[in-house]
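Worksheet: the structure to be examined is printed underneath.
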Amino acid sequence: MKPAHGSSSDNELLERCRDGDAEAFGAIYDRYGSNLYGTALRMLRRTAQAEDVVQEAFMKLHTKPPQPPVKNLGGWLHRVTTNAALDQLRRRQRLAEQELPERPMSAPVRGAGPGRDIERAVQQLPERGRQVFVLHDVEGFKHGEIAEMLEISVGTSKSQLFRTRRLLREYLVPTPQDQEAGT
């Protein structure tokens, strides 16, 4: 991610933040906020929760910033955001287990033709598979990092990704009915 505010490096902005400079904090937010929100929204699928998670990440930056020099402030913020989103998902899962019996999976996205909305298809994926897919293929985390964040084994991360990619391909491949409707 390239600096959006002049030539100030992340470490310079971080140092100014530690000294209470609100403008430097704003510059960091401008530099990374929208990317972090995109990550949180893809993981949580709820705008309010995504906003809360990003706010939580920036509160941590404000209250417990990393010590300079930091090699990758964007990566640090990404990790904090991802961990907060995972915590949110765990809370949501615990509530769902307490409130409702197991729900049937929704039907895959079909019939959208060649211009299918991949984001909609990703939203239809099972929760754990979608988490692994987003963390690995969208956010670029390695299987070891994903395993640690999701508290699963590396092998489970790899197999979840394999199954999720296969399922995503199935969602995106037109069915014979789709092809007949399109001709």
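Labels for the structure tokens follow display order: chains A, B, ..., residues from 1 in each chain, ligands from 1.
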So which residues touch A:Val138 within 12 Å, counting only C-alpha atoms, skipping near sequence neighbours fewer than 5 positions away, as an mmCIF file with C-alpha atoms, in the first residue's frame?
```
data_model
loop_
_atom_site.group_PDB
_atom_site.id
_atom_site.type_symbol
_atom_site.label_atom_id
_atom_site.label_comp_id
_atom_site.auth_asym_id
_atom_site.auth_seq_id
_atom_site.Cartn_x
_atom_site.Cartn_y
_atom_site.Cartn_z
ATOM 1 C CA ASN A 35 -8.814 -1.562 2.727
ATOM 2 C CA GLY A 38 -13.208 -4.169 2.726
ATOM 3 C CA THR A 39 -11.502 -7.050 4.497
ATOM 4 C CA ALA A 40 -13.872 -6.867 7.463
ATOM 5 C CA ARG A 42 -15.908 -9.684 3.181
ATOM 6 C CA MET A 43 -15.415 -11.675 6.356
ATOM 7 C CA GLU A 119 -18.965 -11.626 -4.345
ATOM 8 C CA VAL A 122 -18.530 -16.092 -2.080
ATOM 9 C CA ARG A 130 -15.404 -18.577 3.258
ATOM 10 C CA GLN A 131 -13.140 -17.448 6.096
ATOM 11 C CA VAL A 132 -10.228 -19.542 4.814
ATOM 12 C CA PHE A 133 -10.886 -18.469 1.203
ATOM 13 C CA LEU A 161 -9.507 -23.970 0.786
#
```
Problem - Nearby residues (only C-alpha atoms) at most 12 Å from A:Glu15, same-chain spacing under 5 positions excluded, as a count of residues only - result: 19
Exercise for the section: Between atom CA of A:Asn11 and atom CA of A:Ser34, measure the distance and give it in Å to one decimal. Expected result: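 Pair atom CA of A:Asn11 / atom CA of A:Ser34 returns 19.8 Å.
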Exercise for the section: For atom CA of A:Thr63 and atom CA of A:Asp87, determine how far apart the two atoms are, in Å to one decimal place. Expected result: 19.1 Å
Problem - Point-to-point distance from atom CA of A:Cys17 to atom CA of A:Ala85, Å rounded to tenths - result: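 We find that atom CA of A:Cys17 and atom CA of A:Ala85 lie 24.3 Å from each other.
Nearest-residue note for A:Leu135: choosing from A:Leu168, A:Gly26, A:Arg79, A:Arg94, the minimum distance belongs to A:Arg79, counting only C-alpha atoms.
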Problem - Polymer residues at most 10 Å from A:Asp52, only C-alpha atoms, same-chain spacing of 5 or more positions, as a list in words - result: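 Within the cut-off, the hits are Tyr37, Ala40, Thr47, Ala57, Phe58, Thr81, Ala84, Ala85 and Gln88 of chain A.
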Keeping C-alpha atoms for every residue in the selection just given, could you write it to a file as a tab-separated table (two decimals), in the first residue's frame?
```tsv
chain	number	residue	atom	x	y	z
A	37	TYR	CA	-13.14	-2.09	5.93
A	40	ALA	CA	-13.87	-6.87	7.46
A	47	THR	CA	-21.69	-3.35	7.36
A	57	ALA	CA	-8.43	-1.88	15.06
A	58	PHE	CA	-7.88	1.87	15.07
A	81	THR	CA	-8.69	-6.21	11.91
A	84	ALA	CA	-11.22	-8.74	15.55
A	85	ALA	CA	-13.42	-10.00	12.69
A	88	GLN	CA	-16.87	-11.28	16.01
```
Problem - Picked from stretch 32-164 of chain A by DSSP as helix (DSSP H, G or I), as a ChimeraX atom specification - result: /A:32-44,47-63,73-99,113-115,118-123,127-138,143-150,154-164
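Nearest residue to A:Val53, choosing from A:Lys71, A:Lys142, A:Arg16, A:His78 and counting only C-alpha atoms: A:His78.
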